[in-house]
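J.: File follows, run-v9.txt with compact mmCIF, C-alpha atoms:
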```txt
# COMPACT_ATOMS: atom_id res chain seq x y z
CA MET M 1 0.00 0.00 0.00
CA SER M 2 1.45 3.39 -1.01
CA ASP M 3 1.91 6.21 1.47
CA ARG M 4 2.01 8.76 -1.36
CA GLN M 5 -1.05 10.97 -1.29
CA ILE M 6 -2.50 14.25 -2.49
CA VAL M 7 -4.94 16.43 -0.56
CA ILE M 8 -7.26 18.65 -2.59
CA GLY M 9 -9.78 20.83 -0.80
CA GLY M 10 -9.37 18.86 2.42
CA THR M 11 -9.94 15.45 0.79
CA ALA M 12 -7.10 12.93 0.58
CA TRP M 13 -6.50 10.79 -2.52
CA ARG M 14 -3.84 8.19 -3.23
CA LEU M 15 -1.31 9.02 -5.94
CA PRO M 16 -0.74 6.39 -8.63
CA GLU M 17 2.40 4.26 -8.47
CA GLY M 18 5.36 5.29 -10.60
CA ASP M 19 6.36 8.72 -11.84
CA VAL M 20 3.78 11.41 -11.04
CA THR M 21 5.67 14.31 -12.60
CA GLY M 22 3.06 14.64 -15.37
CA THR M 23 0.21 14.66 -12.86
CA LEU M 24 1.89 17.37 -10.77
CA LYS M 25 2.55 19.52 -13.85
CA GLN M 26 -1.08 19.03 -14.90
CA ILE M 27 -2.25 20.27 -11.46
CA GLN M 28 0.07 23.28 -11.53
CA ARG M 29 -1.11 24.25 -15.04
CA ALA M 30 -4.78 24.01 -13.95
CA LEU M 31 -4.13 26.21 -10.91
CA GLU M 32 -2.17 28.77 -12.96
CA ALA M 33 -4.80 28.93 -15.69
CA GLY M 34 -7.81 28.75 -13.37
CA ALA M 35 -9.01 25.84 -15.46
CA ALA M 36 -10.49 22.42 -14.77
CA THR M 37 -8.48 19.24 -15.19
CA ARG M 38 -9.19 15.52 -14.89
CA LEU M 39 -6.94 13.46 -12.59
CA GLU M 40 -6.72 9.68 -12.32
CA LEU M 41 -6.12 9.00 -8.63
CA GLY M 42 -6.96 6.36 -6.07
CA ASP M 43 -9.37 6.27 -3.14
CA ALA M 44 -7.36 7.06 0.01
CA ASP M 45 -8.80 4.09 1.92
CA THR M 46 -9.25 1.36 -0.66
CA GLY M 47 -6.92 2.42 -3.46
CA ALA M 48 -9.73 1.93 -5.99
CA ALA M 49 -9.30 3.99 -9.16
CA VAL M 50 -11.12 7.33 -8.98
CA THR M 51 -11.44 10.14 -11.52
CA VAL M 52 -11.16 13.50 -9.76
CA TYR M 53 -12.00 16.78 -11.47
CA LEU M 54 -9.95 19.67 -10.09
CA ASN M 55 -11.32 23.19 -10.55
CA GLY M 56 -8.15 25.28 -10.69
CA ALA M 57 -10.11 28.52 -10.31
CA ALA M 58 -11.66 27.51 -6.98
CA THR M 59 -8.91 25.40 -5.37
CA ASP M 60 -6.72 27.34 -2.94
CA THR M 61 -4.23 24.60 -2.00
CA VAL M 62 -3.08 21.19 -3.16
CA SER M 63 -0.79 19.25 -0.82
CA VAL M 64 1.36 16.43 -2.24
CA ASP M 65 3.09 13.79 -0.08
CA LEU M 66 5.51 11.72 -2.16
CA GLY M 67 6.56 9.66 0.84
CA GLY M 68 9.83 11.55 1.29
CA GLY M 69 11.60 12.05 4.59
CA PRO M 70 11.43 9.80 7.59
CA ARG M 71 8.07 8.45 8.65
CA PRO M 72 7.06 9.02 12.29
CA SER M 73 7.89 5.39 13.14
CA GLU M 74 11.44 5.90 11.82
CA ILE M 75 12.33 8.84 14.08
CA SER M 76 14.04 7.99 17.34
CA GLY M 77 13.27 10.14 20.38
CA SER M 78 16.88 11.25 20.68
CA ALA M 79 16.89 12.56 17.11
CA VAL M 80 14.11 15.04 17.79
CA THR M 81 15.28 18.36 19.19
CA ALA M 82 13.08 21.05 20.69
CA GLN M 83 12.77 23.95 18.28
CA PRO M 84 10.14 26.66 18.00
CA GLU M 85 7.12 25.49 16.02
CA ARG M 86 7.10 27.36 12.70
CA ARG M 87 3.80 27.00 10.88
CA ILE M 88 1.94 28.27 7.87
CA THR M 89 -1.86 28.19 7.69
CA ILE M 90 -3.62 28.63 4.36
CA GLY M 91 -7.39 28.66 4.56
CA GLY M 92 -8.12 25.93 7.09
CA SER M 93 -5.00 23.79 6.51
CA THR M 94 -1.81 24.05 8.56
CA TRP M 95 1.69 22.81 7.70
CA ARG M 96 5.07 23.15 9.39
CA LEU M 97 7.87 25.16 7.85
CA PRO M 98 11.15 23.25 7.40
CA ALA M 99 14.29 24.17 9.32
CA GLY M 100 16.49 26.84 7.81
CA ASP M 101 15.86 30.17 6.18
CA VAL M 102 12.28 30.61 4.97
CA THR M 103 12.76 34.04 3.41
CA GLY M 104 12.83 32.66 -0.15
CA PRO M 105 9.69 30.50 0.12
CA LEU M 106 7.78 33.30 1.84
CA LYS M 107 8.75 35.72 -0.96
CA VAL M 108 7.48 33.18 -3.51
CA LEU M 109 4.23 32.89 -1.57
CA GLU M 110 3.85 36.65 -1.24
CA GLY M 111 4.47 37.07 -4.98
CA ALA M 112 1.82 34.45 -5.82
CA LEU M 113 -0.73 36.15 -3.59
CA GLY M 114 0.13 39.56 -5.07
CA ASN M 115 -0.06 38.59 -8.73
CA GLY M 116 -2.54 35.69 -8.65
CA SER M 117 -0.04 33.01 -9.65
CA VAL M 118 0.75 29.61 -8.11
CA ALA M 119 3.42 29.13 -5.44
CA ARG M 120 5.10 25.74 -4.98
CA LEU M 121 6.26 25.30 -1.38
CA GLU M 122 8.18 22.47 0.27
CA LEU M 123 6.58 22.04 3.70
CA LEU M 124 6.08 19.41 6.41
CA ASP M 125 2.88 17.86 7.70
CA ALA M 126 2.15 17.53 11.43
CA ALA M 127 4.07 14.23 11.53
CA GLY M 128 7.16 15.80 9.91
CA ARG M 129 6.71 14.25 6.45
CA GLU M 130 7.92 16.31 3.50
CA LEU M 131 5.15 17.67 1.27
CA THR M 132 4.89 19.82 -1.81
CA VAL M 133 2.07 22.31 -1.40
CA TYR M 134 0.73 24.30 -4.34
CA VAL M 135 -0.92 27.57 -3.29
CA ASN M 136 -3.27 29.26 -5.75
CA GLY M 137 -2.68 32.98 -5.22
CA ARG M 138 -5.94 33.75 -7.02
CA SER M 139 -8.19 31.91 -4.57
CA ALA M 140 -6.35 31.71 -1.23
CA SER M 141 -8.26 34.07 1.04
CA THR M 142 -5.90 34.07 4.02
CA VAL M 143 -2.37 32.93 4.76
CA ALA M 144 -0.95 33.08 8.29
CA VAL M 145 2.74 32.49 9.02
CA ASP M 146 3.95 31.72 12.55
CA LEU M 147 7.75 31.74 12.77
CA GLY M 148 7.68 30.61 16.40
CA GLY M 149 9.03 33.84 17.87
CA GLY M 150 7.97 35.08 21.29
CA PRO M 151 6.14 33.22 24.02
CA ARG M 152 3.10 31.09 23.30
CA PRO M 153 -0.12 31.98 25.18
CA SER M 154 0.42 28.94 27.44
CA GLU M 155 3.87 30.28 28.36
CA ILE M 156 2.70 33.69 29.54
CA SER M 157 2.14 33.98 33.27
CA GLY M 158 -0.83 35.95 34.18
```
Once more with this new file: its structure as structure tokens, please.
T.:
Amino acid sequence: MSDRQIVIGGTAWRLPEGDVTGTLKQIQRALEAGAATRLELGDADTGAAVTVYLNGAATDTVSVDLGGGPRPSEISGSAVTAQPERRITIGGSTWRLPAGDVTGPLKVLEGALGNGSVARLELLDAAGRELTVYVNGRSASTVAVDLGGGPRPSEISG
């Protein structure tokens, strides 16, 4: 069973086996053009073949998990270090920002929101898996970025 998936509008689908480069390019073109496209995917639970129609004009984010990076079961407790939680929330979906400088990705995102294009971001899900997230700058209504600076509400004495 594949752990590669795509989330469109909050619904998870299984990516087909093999090279999905063409599928990802097809999605990006649909988002950039604000056009509809037909995708051959799999049901997330059963893997049964499903045809999904993506409306590029109305979809604000598409999250792609190609199974990269360690899975939660592969991370030892000693390998995890405490670092501020850096998150990005687009619409109702939240991802973690990877370690390192995020200035470049945030500029790409800001540009997409400003000119109505599509931003491709490399992010992490809540379990730390690497994802590619496509953000449609034409339809994303809100984007919140938390770089983990300052105390959290639970850390403020009152």
J.: Would you work out the distance separating CA of Ala112 (chain M) from CA of Ile88 (chain M), expressed in Å to one decimal?
T.: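 That distance, rounded to one decimal, is 15.0 Å.
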J.: Which residues, written as a count of residues only, have at least one atom at most 8 Å from Thr89 (chain M), with all atoms listed in the file counted and residues fewer than 2 positions away on the same chain left out?
T.: 9
J.: Just give me the gap between CA of Thr11 (chain M) and CA of Val102 (chain M) in Å, one decimal is fine.
T.: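 Between CA of Thr11 (chain M) and CA of Val102 (chain M) the gap is 27.2 Å.
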J.: Go through region 29-131 of chain M residue by residue and, counting all atoms listed in the file, keep those with an atom at most 8 Å from region 13-23 of chain M; for each kept residue give the shortest atom pair and its distance in Å to one decimal, ordered by chain and increasing number, as JSON lines.
T.:
```
{"residue": "M:Leu39", "atom": "CA", "partner": "M:Thr23", "partner_atom": "CA", "distance": 7.3}
{"residue": "M:Glu40", "atom": "CA", "partner": "M:Pro16", "partner_atom": "CA", "distance": 7.8}
{"residue": "M:Leu41", "atom": "CA", "partner": "M:Leu15", "partner_atom": "CA", "distance": 5.5}
{"residue": "M:Gly42", "atom": "CA", "partner": "M:Arg14", "partner_atom": "CA", "distance": 4.6}
{"residue": "M:Asp43", "atom": "CA", "partner": "M:Trp13", "partner_atom": "CA", "distance": 5.4}
{"residue": "M:Ala44", "atom": "CA", "partner": "M:Trp13", "partner_atom": "CA", "distance": 4.6}
{"residue": "M:Gly47", "atom": "CA", "partner": "M:Arg14", "partner_atom": "CA", "distance": 6.5}
```
J.: Restricting the calculation to all atoms listed in the file: of M:Gly56, M:Gly67, M:Gly104, M:Gly34, which residue gets closest to Gly9 (chain M)?
T.: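 The closest residue to Gly9 (chain M) is M:Gly56.
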J.: Could you check the closest approach to Ala30 (chain M) for each of M:Arg96, M:Tyr134, M:Leu147, M:Ile90 and tell me which residue wins, using only C-alpha atoms?
T.: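 So, comparing all the options, the nearest one is M:Tyr134.
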J.: If you measure from CA of Ser139 (chain M) to CA of Gly114 (chain M), what distance in Å do you get, rounded to one decimal?
T.: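 CA of Gly114 (chain M) lies 11.3 Å from CA of Ser139 (chain M).
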J.: Pick the closest to Gly148 (chain M) from M:Leu109, M:Ala126, M:Val118, M:Ala99: which is it, counting all atoms listed in the file?
T.: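 Using all atoms listed in the file, the shortest distance to Gly148 (chain M) belongs to M:Ala99.
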J.: Can you find the residues with an atom no farther than 12 Å from (9.4, 31.5, -1.8), counting only C-alpha atoms, and report them as a PDB file with C-alpha atoms, keeping the file's coordinate frame?
T.:
```
ATOM      1  CA  LEU M  97       7.870  25.160   7.850  1.00  0.00           C
ATOM      2  CA  ASP M 101      15.860  30.170   6.180  1.00  0.00           C
ATOM      3  CA  VAL M 102      12.280  30.610   4.970  1.00  0.00           C
ATOM      4  CA  THR M 103      12.760  34.040   3.410  1.00  0.00           C
ATOM      5  CA  GLY M 104      12.830  32.660  -0.150  1.00  0.00           C
ATOM      6  CA  PRO M 105       9.690  30.500   0.120  1.00  0.00           C
ATOM      7  CA  LEU M 106       7.780  33.300   1.840  1.00  0.00           C
ATOM      8  CA  LYS M 107       8.750  35.720  -0.960  1.00  0.00           C
ATOM      9  CA  VAL M 108       7.480  33.180  -3.510  1.00  0.00           C
ATOM     10  CA  LEU M 109       4.230  32.890  -1.570  1.00  0.00           C
ATOM     11  CA  GLU M 110       3.850  36.650  -1.240  1.00  0.00           C
ATOM     12  CA  GLY M 111       4.470  37.070  -4.980  1.00  0.00           C
ATOM     13  CA  ALA M 112       1.820  34.450  -5.820  1.00  0.00           C
ATOM     14  CA  LEU M 113      -0.730  36.150  -3.590  1.00  0.00           C
ATOM     15  CA  VAL M 118       0.750  29.610  -8.110  1.00  0.00           C
ATOM     16  CA  ALA M 119       3.420  29.130  -5.440  1.00  0.00           C
ATOM     17  CA  ARG M 120       5.100  25.740  -4.980  1.00  0.00           C
ATOM     18  CA  LEU M 121       6.260  25.300  -1.380  1.00  0.00           C
ATOM     19  CA  GLU M 122       8.180  22.470   0.270  1.00  0.00           C
ATOM     20  CA  LEU M 123       6.580  22.040   3.700  1.00  0.00           C
ATOM     21  CA  VAL M 133       2.070  22.310  -1.400  1.00  0.00           C
ATOM     22  CA  TYR M 134       0.730  24.300  -4.340  1.00  0.00           C
ATOM     23  CA  VAL M 135      -0.920  27.570  -3.290  1.00  0.00           C
TER      24      VAL M 135
END
```
J.: Can you work out which one of M:Asp146, M:Gln26, M:Arg4, M:Gly10 has the shortest atom-to-atom distance to Asp60 (chain M), counting only C-alpha atoms?
T.: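 With only C-alpha atoms as the atom set, the closest residue is M:Gly10.
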J.: The centre and edge lengths of an axis-aligned box containing all atoms of region 11-21 of chain M present in the file, extended by 6 Å on each side, are to be given in Å to one decimal, as AutoDock Vina command-line options.
T.:
```
--center_x -1.8 --center_y 9.9 --center_z -5.9 --size_x 28.3 --size_y 23.2 --size_z 25.4
```
J.: Identify the residues around (-2.4, 19.9, 1.0) within a radius of 7 Å, measuring from all atoms listed in the file in the coordinates stated by the file, and give them as an MDAnalysis selection string.
T.: chainID M and resid 6:8 61:64 133
J.: Which is closer to Arg29 (chain M) than all the others in M:Thr132, M:Asn55, M:Asn115, M:Ser141, using only C-alpha atoms?
T.: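 Counting only C-alpha atoms, the residue closest to Arg29 (chain M) is M:Asn55.
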J.: Give the answer as one residue: which of M:Arg129, M:Pro98, M:Gly116, M:Ala12 has the shortest atom-to-atom distance to Ala57 (chain M), using all atoms listed in the file?
T.: M:Gly116
J.: For region 105-116 of chain M, supply all heavy atoms and format the output as a PDB file, in the frame of the given file.
T.:
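File written: selection_34.pdb
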```pdb
ATOM      1  N   PRO M 105      11.041  31.026   0.315  1.00  0.00           N
ATOM      2  CA  PRO M 105       9.690  30.500   0.120  1.00  0.00           C
ATOM      3  C   PRO M 105       8.595  31.513   0.455  1.00  0.00           C
ATOM      4  O   PRO M 105       7.563  31.568  -0.219  1.00  0.00           O
ATOM      5  CB  PRO M 105       9.636  29.302   1.073  1.00  0.00           C
ATOM      6  CG  PRO M 105      11.051  28.885   1.239  1.00  0.00           C
ATOM      7  CD  PRO M 105      11.855  30.152   1.153  1.00  0.00           C
ATOM      8  N   LEU M 106       8.807  32.318   1.485  1.00  0.00           N
ATOM      9  CA  LEU M 106       7.780  33.300   1.840  1.00  0.00           C
ATOM     10  C   LEU M 106       7.674  34.393   0.778  1.00  0.00           C
ATOM     11  O   LEU M 106       6.584  34.900   0.516  1.00  0.00           O
ATOM     12  CB  LEU M 106       8.051  33.894   3.217  1.00  0.00           C
ATOM     13  CG  LEU M 106       7.909  32.910   4.376  1.00  0.00           C
ATOM     14  CD1 LEU M 106       8.172  33.600   5.703  1.00  0.00           C
ATOM     15  CD2 LEU M 106       6.551  32.228   4.374  1.00  0.00           C
ATOM     16  N   LYS M 107       8.805  34.747   0.137  1.00  0.00           N
ATOM     17  CA  LYS M 107       8.750  35.720  -0.960  1.00  0.00           C
ATOM     18  C   LYS M 107       7.998  35.139  -2.155  1.00  0.00           C
ATOM     19  O   LYS M 107       7.236  35.837  -2.812  1.00  0.00           O
ATOM     20  CB  LYS M 107      10.158  36.153  -1.368  1.00  0.00           C
ATOM     21  CG  LYS M 107      10.771  37.137  -0.401  1.00  0.00           C
ATOM     22  CD  LYS M 107      12.095  37.662  -0.903  1.00  0.00           C
ATOM     23  CE  LYS M 107      12.637  38.658   0.103  1.00  0.00           C
ATOM     24  NZ  LYS M 107      13.893  39.239  -0.328  1.00  0.00           N
ATOM     25  N   VAL M 108       8.210  33.841  -2.426  1.00  0.00           N
ATOM     26  CA  VAL M 108       7.480  33.180  -3.510  1.00  0.00           C
ATOM     27  C   VAL M 108       5.989  33.199  -3.210  1.00  0.00           C
ATOM     28  O   VAL M 108       5.167  33.506  -4.075  1.00  0.00           O
ATOM     29  CB  VAL M 108       7.991  31.728  -3.706  1.00  0.00           C
ATOM     30  CG1 VAL M 108       7.085  30.943  -4.629  1.00  0.00           C
ATOM     31  CG2 VAL M 108       9.415  31.737  -4.239  1.00  0.00           C
ATOM     32  N   LEU M 109       5.633  32.891  -1.980  1.00  0.00           N
ATOM     33  CA  LEU M 109       4.230  32.890  -1.570  1.00  0.00           C
ATOM     34  C   LEU M 109       3.632  34.286  -1.674  1.00  0.00           C
ATOM     35  O   LEU M 109       2.545  34.466  -2.232  1.00  0.00           O
ATOM     36  CB  LEU M 109       4.106  32.370  -0.135  1.00  0.00           C
ATOM     37  CG  LEU M 109       2.713  32.392   0.467  1.00  0.00           C
ATOM     38  CD1 LEU M 109       1.772  31.504  -0.330  1.00  0.00           C
ATOM     39  CD2 LEU M 109       2.760  31.946   1.917  1.00  0.00           C
ATOM     40  N   GLU M 110       4.341  35.275  -1.178  1.00  0.00           N
ATOM     41  CA  GLU M 110       3.850  36.650  -1.240  1.00  0.00           C
ATOM     42  C   GLU M 110       3.661  37.092  -2.688  1.00  0.00           C
ATOM     43  O   GLU M 110       2.673  37.736  -3.022  1.00  0.00           O
ATOM     44  CB  GLU M 110       4.819  37.580  -0.520  1.00  0.00           C
ATOM     45  CG  GLU M 110       4.302  38.988  -0.370  1.00  0.00           C
ATOM     46  CD  GLU M 110       5.217  39.876   0.450  1.00  0.00           C
ATOM     47  OE1 GLU M 110       5.932  39.348   1.322  1.00  0.00           O
ATOM     48  OE2 GLU M 110       5.210  41.098   0.222  1.00  0.00           O
ATOM     49  N   GLY M 111       4.604  36.728  -3.562  1.00  0.00           N
ATOM     50  CA  GLY M 111       4.470  37.070  -4.980  1.00  0.00           C
ATOM     51  C   GLY M 111       3.243  36.433  -5.608  1.00  0.00           C
ATOM     52  O   GLY M 111       2.516  37.068  -6.369  1.00  0.00           O
ATOM     53  N   ALA M 112       2.992  35.156  -5.268  1.00  0.00           N
ATOM     54  CA  ALA M 112       1.820  34.450  -5.820  1.00  0.00           C
ATOM     55  C   ALA M 112       0.533  35.102  -5.363  1.00  0.00           C
ATOM     56  O   ALA M 112      -0.415  35.260  -6.142  1.00  0.00           O
ATOM     57  CB  ALA M 112       1.849  32.979  -5.414  1.00  0.00           C
ATOM     58  N   LEU M 113       0.477  35.492  -4.096  1.00  0.00           N
ATOM     59  CA  LEU M 113      -0.730  36.150  -3.590  1.00  0.00           C
ATOM     60  C   LEU M 113      -0.908  37.520  -4.235  1.00  0.00           C
ATOM     61  O   LEU M 113      -2.034  37.938  -4.516  1.00  0.00           O
ATOM     62  CB  LEU M 113      -0.664  36.287  -2.072  1.00  0.00           C
ATOM     63  CG  LEU M 113      -0.702  34.972  -1.291  1.00  0.00           C
ATOM     64  CD1 LEU M 113      -0.381  35.214   0.173  1.00  0.00           C
ATOM     65  CD2 LEU M 113      -2.044  34.292  -1.458  1.00  0.00           C
ATOM     66  N   GLY M 114       0.201  38.226  -4.479  1.00  0.00           N
ATOM     67  CA  GLY M 114       0.130  39.560  -5.070  1.00  0.00           C
ATOM     68  C   GLY M 114      -0.245  39.577  -6.532  1.00  0.00           C
ATOM     69  O   GLY M 114      -0.945  40.481  -6.991  1.00  0.00           O
ATOM     70  N   ASN M 115       0.207  38.559  -7.287  1.00  0.00           N
ATOM     71  CA  ASN M 115      -0.060  38.590  -8.730  1.00  0.00           C
ATOM     72  C   ASN M 115      -0.994  37.479  -9.212  1.00  0.00           C
ATOM     73  O   ASN M 115      -1.179  37.314 -10.412  1.00  0.00           O
ATOM     74  CB  ASN M 115       1.248  38.599  -9.524  1.00  0.00           C
ATOM     75  CG  ASN M 115       2.060  37.336  -9.319  1.00  0.00           C
ATOM     76  OD1 ASN M 115       1.527  36.270  -9.078  1.00  0.00           O
ATOM     77  ND2 ASN M 115       3.373  37.459  -9.429  1.00  0.00           N
ATOM     78  N   GLY M 116      -1.564  36.712  -8.271  1.00  0.00           N
ATOM     79  CA  GLY M 116      -2.540  35.690  -8.650  1.00  0.00           C
ATOM     80  C   GLY M 116      -1.935  34.484  -9.341  1.00  0.00           C
ATOM     81  O   GLY M 116      -2.601  33.821 -10.125  1.00  0.00           O
TER      82      GLY M 116
END
```
